[in-house]
$ cat protein18.txt   # compact mmCIF, C-alpha atoms and all ligand atoms
# COMPACT_ATOMS: atom_id res chain seq x y z
CA MET M 1 -108.11 -13.23 60.40
CA ASN M 2 -111.86 -12.76 60.54
CA LYS M 3 -114.25 -14.03 57.91
CA ARG M 4 -114.65 -10.70 56.17
CA LYS M 5 -110.93 -10.21 55.77
CA VAL M 6 -110.56 -13.71 54.35
CA SER M 7 -113.25 -13.16 51.78
CA LEU M 8 -111.75 -9.79 50.86
CA LEU M 9 -108.37 -11.43 50.42
CA LEU M 10 -109.90 -14.18 48.30
CA SER M 11 -111.59 -11.70 45.99
CA LEU M 12 -108.37 -9.74 45.70
CA LEU M 13 -106.52 -12.92 44.75
CA LEU M 14 -109.20 -13.75 42.22
CA VAL M 15 -108.98 -10.34 40.60
CA LEU M 16 -105.18 -10.56 40.59
CA GLY M 17 -105.36 -14.03 39.08
CA MET M 18 -107.69 -12.86 36.34
CA PHE M 19 -105.39 -9.95 35.68
CA LEU M 20 -102.30 -12.14 35.42
CA PHE M 21 -104.09 -14.72 33.32
CA GLY M 22 -105.40 -12.02 31.02
CA CYS M 23 -101.92 -10.67 30.52
CA GLU M 24 -100.40 -14.02 29.81
CA SER M 25 -102.71 -14.75 26.92
CA ASN M 26 -102.37 -12.74 23.73
CA ILE M 27 -102.43 -9.08 24.64
CA ASP M 28 -105.39 -7.56 22.96
CA PHE M 29 -104.61 -3.91 22.44
CA LEU M 30 -108.08 -3.23 21.09
CA ASP M 31 -109.91 -4.13 24.25
CA GLU M 32 -108.28 -1.62 26.51
CA ASP M 33 -109.82 1.73 25.94
CA ASP M 34 -109.05 4.89 27.82
CA GLY M 35 -111.48 6.95 25.80
CA ASN M 36 -108.69 8.55 23.79
CA ASN M 37 -108.41 6.15 20.92
CA LEU M 38 -109.78 6.36 17.45
CA LEU M 39 -110.09 3.08 15.59
CA VAL M 40 -110.38 2.57 11.88
CA ASN M 41 -111.35 -0.94 10.77
CA PHE M 42 -110.85 -1.73 7.11
CA ILE M 43 -113.12 -4.75 7.12
CA ASP M 44 -112.29 -7.66 4.84
CA VAL M 45 -115.44 -7.94 2.71
CA GLY M 46 -113.76 -9.59 -0.26
CA GLN M 47 -114.01 -7.52 -3.45
CA GLY M 48 -115.60 -4.35 -2.07
CA ASP M 49 -115.24 -1.67 0.58
CA SER M 50 -116.34 -1.32 4.17
CA THR M 51 -114.70 0.90 6.76
CA LEU M 52 -115.84 1.21 10.36
CA ILE M 53 -114.59 4.18 12.34
CA GLU M 54 -114.93 4.23 16.12
CA PHE M 55 -114.46 7.72 17.48
CA PRO M 56 -113.02 8.44 20.94
CA ASN M 57 -116.36 9.90 22.06
CA GLY M 58 -118.07 6.57 21.41
CA GLU M 59 -119.71 7.53 18.12
CA THR M 60 -119.33 5.28 15.10
CA CYS M 61 -119.30 5.69 11.37
CA LEU M 62 -119.65 3.02 8.72
CA ILE M 63 -118.47 3.98 5.26
CA ASP M 64 -119.85 1.42 2.78
CA GLY M 65 -121.02 -2.10 3.54
CA GLY M 66 -119.24 -4.32 1.02
CA PRO M 67 -121.09 -6.59 -1.43
CA ARG M 68 -124.30 -8.36 -0.47
CA SER M 69 -122.51 -11.73 -0.50
CA SER M 70 -120.47 -10.75 2.56
CA SER M 71 -123.21 -8.97 4.52
CA GLU M 72 -123.40 -11.86 6.99
CA ASP M 73 -119.67 -11.52 7.74
CA LEU M 74 -120.06 -7.77 8.09
CA ILE M 75 -122.95 -8.07 10.55
CA ASP M 76 -120.96 -10.68 12.53
CA PHE M 77 -117.98 -8.35 12.64
CA LEU M 78 -120.06 -5.42 13.93
CA LYS M 79 -121.80 -7.63 16.49
CA THR M 80 -118.52 -9.10 17.72
CA LYS M 81 -117.30 -5.56 18.22
CA LYS M 82 -120.46 -4.90 20.24
CA ILE M 83 -121.45 -1.98 18.06
CA GLU M 84 -124.86 -0.81 19.23
CA LYS M 85 -125.61 2.00 16.86
CA ILE M 86 -124.13 3.65 13.84
CA ASP M 87 -124.16 7.41 14.08
CA TYR M 88 -123.08 8.09 10.52
CA LEU M 89 -123.81 5.65 7.71
CA ILE M 90 -122.24 6.60 4.40
CA GLY M 91 -122.84 4.85 1.08
CA THR M 92 -120.09 6.37 -1.08
CA HIS M 93 -121.85 5.56 -4.37
CA PRO M 94 -124.59 3.16 -5.53
CA HIS M 95 -122.42 0.25 -6.68
CA GLU M 96 -123.14 -3.19 -5.26
CA ASP M 97 -119.64 -3.76 -3.87
CA HIS M 98 -120.20 -0.70 -1.64
CA ILE M 99 -123.89 -0.65 -0.75
CA GLY M 100 -124.58 -4.41 -0.96
CA GLY M 101 -124.34 -4.97 2.80
CA LEU M 102 -126.09 -1.77 3.87
CA PRO M 103 -129.72 -3.04 3.87
CA GLU M 104 -128.71 -5.72 6.39
CA VAL M 105 -126.87 -3.10 8.46
CA LEU M 106 -130.06 -1.04 8.60
CA LYS M 107 -132.04 -4.13 9.61
CA ASN M 108 -129.64 -5.03 12.43
CA PHE M 109 -128.46 -1.74 13.90
CA LYS M 110 -129.87 1.58 14.94
CA VAL M 111 -128.67 4.15 12.42
CA GLU M 112 -128.79 7.87 13.19
CA LYS M 113 -127.86 9.52 9.89
CA VAL M 114 -127.53 8.32 6.31
CA TYR M 115 -125.43 9.98 3.63
CA LEU M 116 -125.65 9.14 -0.07
CA PRO M 117 -124.48 11.05 -3.14
CA ASN M 118 -126.99 12.59 -5.52
CA LYS M 119 -126.97 9.59 -7.81
CA THR M 120 -129.51 6.79 -8.19
CA ALA M 121 -129.22 3.34 -9.72
CA ASN M 122 -131.77 1.04 -11.34
CA THR M 123 -130.70 -1.95 -9.35
CA VAL M 124 -132.42 -4.27 -6.90
CA ILE M 125 -129.82 -3.57 -4.25
CA PHE M 126 -130.28 0.19 -4.54
CA GLU M 127 -134.07 -0.21 -4.26
CA ASP M 128 -133.57 -2.43 -1.21
CA LEU M 129 -131.37 0.19 0.39
CA LEU M 130 -133.96 2.93 -0.18
CA LYS M 131 -136.68 0.69 1.26
CA GLU M 132 -134.71 0.05 4.45
CA ILE M 133 -133.87 3.74 4.84
CA LYS M 134 -137.58 4.54 4.56
CA LYS M 135 -138.57 1.79 6.99
CA ASN M 136 -136.20 3.29 9.54
CA ASP M 137 -137.74 6.74 9.08
CA LEU M 138 -134.44 8.19 8.00
CA LYS M 139 -133.94 11.09 5.65
CA ILE M 140 -131.11 10.81 3.16
CA ILE M 141 -128.54 13.55 3.57
CA VAL M 142 -126.96 14.31 0.19
CA GLY M 143 -123.21 13.99 0.52
CA LYS M 144 -121.25 16.59 -1.44
CA SER M 145 -118.08 18.62 -1.05
CA GLY M 146 -118.11 21.29 1.61
CA LEU M 147 -120.46 19.45 3.95
CA ASN M 148 -119.24 19.08 7.52
CA ILE M 149 -120.42 15.84 9.14
CA ALA M 150 -119.02 16.44 12.62
CA ASP M 151 -116.86 18.97 14.38
CA LYS M 152 -116.73 18.08 18.04
CA ASP M 153 -114.73 16.31 20.73
CA GLY M 154 -111.48 16.91 18.84
CA ILE M 155 -112.78 15.36 15.61
CA LYS M 156 -113.17 17.14 12.31
CA PHE M 157 -115.10 15.12 9.77
CA ASP M 158 -115.71 16.63 6.33
CA ILE M 159 -116.87 15.68 2.86
CA ILE M 160 -114.57 16.97 0.13
CA ALA M 161 -116.05 15.29 -2.96
CA PRO M 162 -118.03 15.04 -5.20
CA ASN M 163 -117.37 18.56 -6.45
CA ASN M 164 -119.75 18.37 -9.41
CA GLU M 165 -123.36 17.50 -10.19
CA ASN M 166 -122.83 15.49 -13.35
CA TYR M 167 -120.38 12.76 -14.11
CA SER M 168 -120.49 10.16 -16.87
CA ASN M 169 -118.98 7.61 -14.50
CA THR M 170 -120.88 6.63 -11.33
CA ASN M 171 -117.61 6.10 -9.45
CA ASN M 172 -116.90 9.83 -9.56
CA TYR M 173 -120.01 10.54 -7.51
CA SER M 174 -118.21 8.82 -4.62
CA ILE M 175 -118.48 10.68 -1.34
CA VAL M 176 -114.90 11.36 -0.22
CA THR M 177 -114.41 12.00 3.49
CA LYS M 178 -111.55 13.36 5.52
CA ILE M 179 -111.29 12.77 9.25
CA VAL M 180 -108.80 14.65 11.39
CA TYR M 181 -108.01 13.77 15.00
CA LYS M 182 -105.05 15.72 16.45
CA ASP M 183 -102.06 14.71 14.27
CA PHE M 184 -103.89 11.82 12.70
CA SER M 185 -105.81 12.10 9.45
CA LEU M 186 -107.67 9.68 7.25
CA LEU M 187 -108.91 10.06 3.69
CA VAL M 188 -111.50 7.59 2.38
CA THR M 189 -112.18 7.99 -1.33
CA GLY M 190 -114.65 5.25 -2.30
CA ASP M 191 -114.23 4.60 -6.02
CA ALA M 192 -113.44 8.22 -6.96
CA GLU M 193 -111.43 8.25 -10.17
CA ARG M 194 -109.08 10.60 -11.97
CA GLU M 195 -111.72 13.27 -12.73
CA SER M 196 -112.80 13.62 -9.10
CA GLU M 197 -109.23 13.39 -7.79
CA LEU M 198 -108.11 16.26 -10.02
CA GLU M 199 -111.09 18.34 -8.91
CA MET M 200 -110.10 17.85 -5.27
CA VAL M 201 -106.56 18.97 -6.10
CA GLU M 202 -107.83 22.00 -8.06
CA LYS M 203 -110.20 23.05 -5.28
CA GLY M 204 -107.19 23.36 -3.02
CA TYR M 205 -108.45 21.10 -0.23
CA ASP M 206 -105.94 20.15 2.40
CA LEU M 207 -105.55 16.58 1.21
CA LYS M 208 -102.47 15.65 3.27
CA SER M 209 -103.36 12.54 5.27
CA LYS M 210 -101.57 9.98 7.41
CA VAL M 211 -103.71 7.17 6.05
CA LEU M 212 -105.33 6.86 2.62
CA LYS M 213 -108.00 4.35 1.74
CA VAL M 214 -106.83 3.93 -1.85
CA GLY M 215 -109.47 4.74 -4.48
CA HIS M 216 -111.35 2.09 -6.44
CA HIS M 217 -109.61 -1.00 -5.01
CA GLY M 218 -106.27 -0.02 -6.54
CA SER M 219 -107.60 0.43 -10.07
CA SER M 220 -105.37 2.25 -12.57
CA THR M 221 -108.22 4.70 -13.19
CA SER M 222 -107.67 6.15 -9.70
CA SER M 223 -104.57 7.13 -7.71
CA THR M 224 -103.23 9.78 -10.09
CA SER M 225 -99.76 11.05 -9.21
CA GLU M 226 -101.14 14.61 -8.89
CA PHE M 227 -103.56 13.46 -6.18
CA LEU M 228 -101.17 11.10 -4.39
CA GLU M 229 -98.49 13.76 -4.11
CA LYS M 230 -100.92 16.03 -2.27
CA VAL M 231 -102.25 13.30 0.02
CA ASN M 232 -98.74 11.98 0.67
CA PRO M 233 -99.93 9.25 3.08
CA ASP M 234 -97.67 7.21 5.36
CA TYR M 235 -100.01 4.24 4.89
CA SER M 236 -102.16 3.29 1.94
CA ILE M 237 -104.86 0.70 2.44
CA ILE M 238 -106.29 -1.20 -0.52
CA SER M 239 -109.57 -3.06 0.00
CA LEU M 240 -110.06 -5.89 -2.49
CA GLY M 241 -110.76 -9.59 -2.92
CA LYS M 242 -108.20 -12.29 -3.63
CA ASP M 243 -107.91 -13.16 -7.35
CA ASN M 244 -110.71 -10.72 -8.24
CA SER M 245 -111.93 -10.62 -11.83
CA TYR M 246 -110.91 -6.97 -12.30
CA GLY M 247 -107.23 -7.66 -11.82
CA HIS M 248 -107.13 -5.19 -8.91
CA PRO M 249 -104.80 -3.82 -7.81
CA HIS M 250 -103.48 -2.65 -11.16
CA LYS M 251 -99.75 -2.45 -11.51
CA GLU M 252 -99.87 1.21 -12.70
CA ALA M 253 -101.60 2.27 -9.46
CA ILE M 254 -99.14 0.29 -7.35
CA GLU M 255 -96.22 1.91 -9.18
CA ARG M 256 -97.61 5.39 -8.55
CA LEU M 257 -98.09 4.54 -4.87
CA GLU M 258 -94.54 3.25 -4.67
CA GLN M 259 -93.29 6.51 -6.13
CA ILE M 260 -94.61 8.47 -3.15
CA ASN M 261 -92.98 6.08 -0.71
CA THR M 262 -96.06 5.00 1.18
CA LYS M 263 -96.54 1.71 2.95
CA ILE M 264 -99.15 -0.37 1.11
CA LEU M 265 -101.39 -2.69 3.12
CA ARG M 266 -103.95 -4.91 1.36
CA THR M 267 -107.02 -6.64 2.74
CA ASP M 268 -106.63 -9.52 0.25
CA GLU M 269 -103.29 -10.30 1.88
CA LEU M 270 -103.94 -9.33 5.48
CA GLY M 271 -107.68 -9.68 6.00
CA THR M 272 -109.25 -6.99 8.16
CA ILE M 273 -106.78 -4.21 8.93
CA VAL M 274 -107.24 -2.13 12.07
CA ILE M 275 -105.60 1.19 12.74
CA LYS M 276 -105.63 2.45 16.28
CA THR M 277 -104.46 5.92 17.18
CA ASP M 278 -104.48 8.29 20.12
CA GLY M 279 -104.03 11.12 17.63
CA GLU M 280 -100.24 10.90 17.80
CA ASN M 281 -99.11 7.29 17.76
CA ILE M 282 -100.39 4.71 15.35
CA GLU M 283 -100.75 0.99 15.83
CA ILE M 284 -101.72 -1.16 12.90
CA LEU M 285 -103.15 -4.53 13.71
CA ASN M 286 -104.70 -7.23 11.65
CA LYS M 287 -106.46 -10.45 12.20
CA ILE M 288 -104.94 -13.55 10.72
CA GLU M 289 -106.48 -16.81 11.87
CA ASN M 290 -107.89 -15.12 14.96
CA ASP M 291 -104.43 -14.13 16.05
CA LYS M 292 -103.81 -10.43 16.29
CA THR M 293 -100.54 -9.40 14.78
CA VAL M 294 -99.12 -5.97 15.35
CA LEU M 295 -97.81 -4.68 12.06
CA GLU M 296 -96.66 -1.24 13.04
CA GLY M 297 -96.20 0.91 16.09
CA LYS M 298 -93.89 0.75 19.04
CA TYR M 299 -94.03 -2.49 20.96
CA PHE M 300 -91.87 -5.18 22.52
CA ILE M 301 -91.81 -8.94 22.24
CA GLY M 302 -91.13 -11.18 25.19
CA ASN M 303 -90.00 -14.79 25.24
CA LYS M 304 -92.39 -16.73 27.48
CA ASN M 305 -89.69 -19.34 28.21
CA THR M 306 -86.68 -17.20 29.00
CA LYS M 307 -88.68 -14.18 30.30
CA VAL M 308 -86.49 -11.88 28.24
CA PHE M 309 -88.04 -9.13 26.14
CA HIS M 310 -86.80 -7.70 22.86
CA SER M 311 -87.45 -4.75 20.59
CA LYS M 312 -89.73 -5.80 17.75
CA ASP M 313 -86.86 -5.45 15.26
CA CYS M 314 -84.40 -7.59 17.21
CA ASN M 315 -82.94 -10.41 15.13
CA SER M 316 -83.08 -12.94 17.93
CA LEU M 317 -86.85 -13.00 18.50
CA PRO M 318 -88.37 -16.18 19.96
CA ASN M 319 -90.58 -18.53 17.94
CA LYS M 320 -94.09 -17.23 17.41
CA GLU M 321 -95.69 -19.62 19.88
CA ASN M 322 -93.41 -18.36 22.64
CA GLN M 323 -94.03 -14.69 21.99
CA ILE M 324 -95.90 -12.26 24.18
CA THR M 325 -96.41 -8.63 23.22
CA PHE M 326 -95.87 -5.64 25.50
CA LYS M 327 -96.85 -2.10 24.78
CA SER M 328 -94.01 -0.58 26.76
CA GLU M 329 -90.76 -1.48 28.51
CA GLU M 330 -92.46 -0.69 31.82
CA GLU M 331 -95.17 -3.21 31.11
CA ALA M 332 -92.61 -5.91 30.31
CA LEU M 333 -90.59 -5.13 33.45
CA LYS M 334 -93.74 -5.19 35.55
CA GLU M 335 -94.48 -8.69 34.26
CA GLY M 336 -91.06 -9.80 35.44
CA TYR M 337 -89.39 -9.82 32.03
CA LYS M 338 -85.76 -8.72 31.66
CA PRO M 339 -84.52 -6.61 28.73
CA HIS M 340 -82.39 -8.24 26.07
CA GLY M 341 -79.06 -6.44 26.33
CA LYS M 342 -78.42 -6.38 22.60
CA CYS M 343 -81.60 -4.66 21.48
CA ILE M 344 -82.84 -2.71 24.52
CA LYS M 345 -80.66 0.10 25.74
ZN ZN O 401 -115.95 -0.50 -5.83
ZN ZN O 402 -117.84 1.67 -7.97
$ encode --input "protein18.txt" --output "structure tokens" --more "lines below"
Ligand SMILES: [Zn+2]
Ligand SMILES: [Zn+2]
Amino acid sequence: MNKRKVSLLLSLLLVLGMFLFGCESNIDFLDEDDGNNLLVNFIDVGQGDSTLIEFPNGETCLIDGGPRSSSEDLIDFLKTKKIEKIDYLIGTHPHEDHIGGLPEVLKNFKVEKVYLPNKTANTVIFEDLLKEIKKNDLKIIVGKSGLNIADKDGIKFDIIAPNNENYSNTNNYSIVTKIVYKDFSLLVTGDAERESELEMVEKGYDLKSKVLKVGHHGSSTSSTSEFLEKVNPDYSIISLGKDNSYGHPHKEAIERLEQINTKILRTDELGTIVIKTDGENIEILNKIENDKTVLEGKYFIGNKNTKVFHSKDCNSLPNKENQITFKSEEEALKEGYKPHGKCIK
């Protein structure tokens, strides 16, 4: 073998080794990207809201930035994800638990467009937000129902509330957005309460959504049955802090959610919740102690010791430390794992 062939062989072995090593560690579904996936990150910001959406075309949207106290965590999260710019920045309404982290976001990332409702607040944080928007030479786009944010590359992104100019309650000014990607749909409602929810129902918007970001951290003043029946989500995400002083989520809201048979996922219990979809299938992942756990979606679990793989619902799964996750049977077979006769047909 000549020198060139040897070095070629060595590099091939190196690449193969890296590949095998990579597969043996925890499979990280989020890193592989074929340009077809939409990701929704419900970021754990304690008592507050912050949702990062990564579109298949590479664009990003940040809806709310959590309270100021967790802005450092938020910036870390966005930097870890290697977010370079935010194409659409939405502050649903001028409450601190939603806009508190946004000044820091504007300081750290290039922002293309900013959306705020037509509602001001006499607060330091709101003034800070306006200052940063000005510094960045951005014009505020007033978010109200009927406004289309994007309609391209298979994504439809619309604002469906607020539907009025005057509310006595600031929460009802919340910008409510609906994102549709093939069969997948997401509704993010900020802190919109009963009044705004009923307006959306009355206006006849197509509210049906696969995933609902539950209004106002699971407060009883949101999530009316009339609204929930129209949205009819498979998954309902509640963003809130552990042992918060508001008593969120309220038991009335939880009961109404249970009545529509939706799966409730909470950031106070799970930390950051990530939904990944190709427009048809959904994977729900979360981060607990830096270990990604797949909560939903089709996947298989292998036993690193016995090299046998199981369906995720099998009742003879290996201990957690011996588990390896595969996205498909083919992947498991390719890695030399054999199917468990009882659970894989
Ligand atoms: Zn709030
Ligand atoms: Zn609020």
$ closest_atom_pairs --input "protein18.txt" --of "chain M" --to "ligand ZN 401 (chain O)" --cutoff "10 Å" --atoms "all atoms listed in the file" --output "CSV"
residue,atom,partner,partner_atom,distance
M:Gln47,CA,O:ZN401,ZN,7.7
M:Gly48,CA,O:ZN401,ZN,5.4
M:Asp49,CA,O:ZN401,ZN,6.6
M:Asp64,CA,O:ZN401,ZN,9.6
M:Gly66,CA,O:ZN401,ZN,8.5
M:Pro67,CA,O:ZN401,ZN,9.1
M:Thr92,CA,O:ZN401,ZN,9.3
M:His93,CA,O:ZN401,ZN,8.6
M:Pro94,CA,O:ZN401,ZN,9.4
M:His95,CA,O:ZN401,ZN,6.6
M:Glu96,CA,O:ZN401,ZN,7.7
M:Asp97,CA,O:ZN401,ZN,5.3
M:His98,CA,O:ZN401,ZN,6.0
M:Ile99,CA,O:ZN401,ZN,9.4
M:Asn171,CA,O:ZN401,ZN,7.7
M:Ser174,CA,O:ZN401,ZN,9.7
M:Gly190,CA,O:ZN401,ZN,6.9
M:Asp191,CA,O:ZN401,ZN,5.4
M:Ala192,CA,O:ZN401,ZN,9.1
M:Gly215,CA,O:ZN401,ZN,8.4
M:His216,CA,O:ZN401,ZN,5.3
M:His217,CA,O:ZN401,ZN,6.4
M:Gly218,CA,O:ZN401,ZN,9.7
M:Ser219,CA,O:ZN401,ZN,9.4
M:Ser239,CA,O:ZN401,ZN,9.0
M:Leu240,CA,O:ZN401,ZN,8.7
$ closest_atom_pairs --input "protein18.txt" --of "stretch 158-267 of chain M" --to "stretch 137-144 of chain M" --cutoff "12 Å" --atoms "all atoms listed in the file" --output "Markdown table"
| residue | atom | partner | partner_atom | distance |
| --- | --- | --- | --- | --- |
| M:Asp158 | CA | M:Lys144 | CA | 9.5 |
| M:Ile159 | CA | M:Lys144 | CA | 6.2 |
| M:Ile160 | CA | M:Lys144 | CA | 6.9 |
| M:Ala161 | CA | M:Lys144 | CA | 5.6 |
| M:Pro162 | CA | M:Lys144 | CA | 5.2 |
| M:Asn163 | CA | M:Lys144 | CA | 6.6 |
| M:Asn164 | CA | M:Lys144 | CA | 8.3 |
| M:Glu165 | CA | M:Lys144 | CA | 9.0 |
| M:Asn172 | CA | M:Lys144 | CA | 11.4 |
| M:Tyr173 | CA | M:Lys144 | CA | 8.7 |
| M:Ser174 | CA | M:Gly143 | CA | 8.8 |
| M:Ile175 | CA | M:Gly143 | CA | 6.1 |
| M:Val176 | CA | M:Lys144 | CA | 8.3 |
| M:Thr177 | CA | M:Gly143 | CA | 9.5 |
| M:Ser196 | CA | M:Lys144 | CA | 11.8 |
| M:Met200 | CA | M:Lys144 | CA | 11.9 |
$ atom_distance --input "protein18.txt" --atom1 "atom CA of M:Asn281" --atom2 "atom CA of M:Ser236"
16.6 Å
$ closest_residue --input "protein18.txt" --among "M:Thr306, M:Asn322, M:Ser185, M:Ala121" --to "ligand ZN 402 (chain O)" --atoms "only C-alpha atoms and all ligand atoms"
M:Ala121
$ closest_residue --input "protein18.txt" --among "M:Lys107, M:Lys327, M:Lys320, M:Lys213" --to "M:Thr51" --atoms "all atoms listed in the file"
M:Lys213
$ closest_residue --input "protein18.txt" --among "M:Lys230, M:His310, M:Lys119, M:Lys135" --to "M:Leu207" --atoms "only C-alpha atoms"
M:Lys230
$ closest_residue --input "protein18.txt" --among "M:Asn108, M:Ser311, M:Leu62, M:Glu193" --to "M:Ala253" --atoms "all atoms listed in the file"
M:Glu193
$ closest_residue --input "protein18.txt" --among "M:Asp243, M:Asp313, M:Glu331, M:Asp268" --to "M:Asp44" --atoms "all atoms listed in the file"
M:Asp268
$ closest_residue --input "protein18.txt" --among "M:Ser316, M:Pro339, M:Gly100, M:Lys203" --to "ligand ZN 402 (chain O)" --atoms "only C-alpha atoms and all ligand atoms"
M:Gly100
$ axis_aligned_box --input "protein18.txt" --around "stretch 273-288 of chain M" --padding-each-side "3 Å" --output "JSON"
{"center_x": -103.2, "center_y": -1.2, "center_z": 14.5, "size_x": 14.1, "size_y": 30.7, "size_z": 17.2}
$ atom_distance --input "protein18.txt" --atom1 "atom CA of M:Ile86" --atom2 "atom CA of M:Asn286"
22.4 Å
$ atom_distance --input "protein18.txt" --atom1 "atom CA of M:Asn315" --atom2 "atom CA of M:Lys345"
15.1 Å
$ residues_near_point --input "protein18.txt" --point "(-89.8, -12.1, 32.3)" --cutoff "8 Å" --atoms "all atoms listed in the file" --output "number ranges by chain"
M: 302-304, 306-309, 332-333, 335-338
$ write_last_selection --input "protein18.txt" --atoms "C-alpha atoms" --output "PDB file, keeping the file's coordinate frame"
ATOM      1  CA  GLY M 302     -91.130 -11.180  25.190  1.00  0.00           C
ATOM      2  CA  ASN M 303     -90.000 -14.790  25.240  1.00  0.00           C
ATOM      3  CA  LYS M 304     -92.390 -16.730  27.480  1.00  0.00           C
ATOM      4  CA  THR M 306     -86.680 -17.200  29.000  1.00  0.00           C
ATOM      5  CA  LYS M 307     -88.680 -14.180  30.300  1.00  0.00           C
ATOM      6  CA  VAL M 308     -86.490 -11.880  28.240  1.00  0.00           C
ATOM      7  CA  PHE M 309     -88.040  -9.130  26.140  1.00  0.00           C
ATOM      8  CA  ALA M 332     -92.610  -5.910  30.310  1.00  0.00           C
ATOM      9  CA  LEU M 333     -90.590  -5.130  33.450  1.00  0.00           C
ATOM     10  CA  GLU M 335     -94.480  -8.690  34.260  1.00  0.00           C
ATOM     11  CA  GLY M 336     -91.060  -9.800  35.440  1.00  0.00           C
ATOM     12  CA  TYR M 337     -89.390  -9.820  32.030  1.00  0.00           C
ATOM     13  CA  LYS M 338     -85.760  -8.720  31.660  1.00  0.00           C
TER      14      LYS M 338
END
$ residues_near_point --input "protein18.txt" --point "(-101.6, 1.6, -13.2)" --cutoff "9 Å" --atoms "only C-alpha atoms" --output "list in words"
Gly218, Ser219, Ser220, Thr221, Ser222, Ser223, Thr224, Pro249, His250, Lys251, Glu252, Ala253, Ile254, Glu255 and Arg256 of chain M
$ write_last_selection --input "protein18.txt" --atoms "C-alpha atoms" --output "short mmCIF file (atom, residue, chain, number, x, y, z; two decimals), keeping the file's coordinate frame"
data_model
loop_
_atom_site.label_atom_id
_atom_site.label_comp_id
_atom_site.auth_asym_id
_atom_site.auth_seq_id
_atom_site.Cartn_x
_atom_site.Cartn_y
_atom_site.Cartn_z
CA GLY M 218 -106.27 -0.02 -6.54
CA SER M 219 -107.60 0.43 -10.07
CA SER M 220 -105.37 2.25 -12.57
CA THR M 221 -108.22 4.70 -13.19
CA SER M 222 -107.67 6.15 -9.70
CA SER M 223 -104.57 7.13 -7.71
CA THR M 224 -103.23 9.78 -10.09
CA PRO M 249 -104.80 -3.82 -7.81
CA HIS M 250 -103.48 -2.65 -11.16
CA LYS M 251 -99.75 -2.45 -11.51
CA GLU M 252 -99.87 1.21 -12.70
CA ALA M 253 -101.60 2.27 -9.46
CA ILE M 254 -99.14 0.29 -7.35
CA GLU M 255 -96.22 1.91 -9.18
CA ARG M 256 -97.61 5.39 -8.55
#
$ residues_around --input "protein18.txt" --residues "M:Asp234" --least-positions-apart "2" --cutoff "10 Å" --atoms "all atoms listed in the file" --output "PyMOL selection string"
chain M and resi 208-212+231-232+236+260-264
$ write_last_selection --input "protein18.txt" --atoms "C-alpha atoms" --output "PDB file, in the frame of the given file"
ATOM      1  CA  LYS M 208    -102.470  15.650   3.270  1.00  0.00           C
ATOM      2  CA  SER M 209    -103.360  12.540   5.270  1.00  0.00           C
ATOM      3  CA  LYS M 210    -101.570   9.980   7.410  1.00  0.00           C
ATOM      4  CA  VAL M 211    -103.710   7.170   6.050  1.00  0.00           C
ATOM      5  CA  LEU M 212    -105.330   6.860   2.620  1.00  0.00           C
ATOM      6  CA  VAL M 231    -102.250  13.300   0.020  1.00  0.00           C
ATOM      7  CA  ASN M 232     -98.740  11.980   0.670  1.00  0.00           C
ATOM      8  CA  SER M 236    -102.160   3.290   1.940  1.00  0.00           C
ATOM      9  CA  ILE M 260     -94.610   8.470  -3.150  1.00  0.00           C
ATOM     10  CA  ASN M 261     -92.980   6.080  -0.710  1.00  0.00           C
ATOM     11  CA  THR M 262     -96.060   5.000   1.180  1.00  0.00           C
ATOM     12  CA  LYS M 263     -96.540   1.710   2.950  1.00  0.00           C
ATOM     13  CA  ILE M 264     -99.150  -0.370   1.110  1.00  0.00           C
TER      14      ILE M 264
END
$ decode --input "protein18.txt" --residues "stretch 260-266 of chain M" --atoms "N, CA, C and O atoms" --output "PDB file, in the first residue's frame"
ATOM      1  N   ILE M 260     -60.663  18.231  27.974  1.00  0.00           N
ATOM      2  CA  ILE M 260     -60.511  18.098  26.520  1.00  0.00           C
ATOM      3  C   ILE M 260     -59.469  17.035  26.172  1.00  0.00           C
ATOM      4  O   ILE M 260     -59.094  16.891  25.006  1.00  0.00           O
ATOM      5  N   ASN M 261     -59.027  16.296  27.190  1.00  0.00           N
ATOM      6  CA  ASN M 261     -58.155  15.161  26.917  1.00  0.00           C
ATOM      7  C   ASN M 261     -56.867  15.530  26.207  1.00  0.00           C
ATOM      8  O   ASN M 261     -56.526  14.933  25.182  1.00  0.00           O
ATOM      9  N   THR M 262     -56.167  16.496  26.744  1.00  0.00           N
ATOM     10  CA  THR M 262     -54.909  16.919  26.148  1.00  0.00           C
ATOM     11  C   THR M 262     -53.795  16.507  27.089  1.00  0.00           C
ATOM     12  O   THR M 262     -54.014  16.341  28.287  1.00  0.00           O
ATOM     13  N   LYS M 263     -52.622  16.313  26.549  1.00  0.00           N
ATOM     14  CA  LYS M 263     -51.502  15.951  27.412  1.00  0.00           C
ATOM     15  C   LYS M 263     -50.840  17.226  27.938  1.00  0.00           C
ATOM     16  O   LYS M 263     -50.404  18.068  27.155  1.00  0.00           O
ATOM     17  N   ILE M 264     -50.783  17.364  29.257  1.00  0.00           N
ATOM     18  CA  ILE M 264     -50.246  18.584  29.863  1.00  0.00           C
ATOM     19  C   ILE M 264     -48.769  18.395  30.198  1.00  0.00           C
ATOM     20  O   ILE M 264     -48.389  17.423  30.849  1.00  0.00           O
ATOM     21  N   LEU M 265     -47.945  19.317  29.725  1.00  0.00           N
ATOM     22  CA  LEU M 265     -46.514  19.291  30.040  1.00  0.00           C
ATOM     23  C   LEU M 265     -46.150  20.625  30.667  1.00  0.00           C
ATOM     24  O   LEU M 265     -46.528  21.685  30.157  1.00  0.00           O
ATOM     25  N   ARG M 266     -45.421  20.601  31.784  1.00  0.00           N
ATOM     26  CA  ARG M 266     -45.135  21.819  32.545  1.00  0.00           C
ATOM     27  C   ARG M 266     -43.640  22.070  32.684  1.00  0.00           C
ATOM     28  O   ARG M 266     -42.888  21.164  33.027  1.00  0.00           O
TER      29      ARG M 266
END
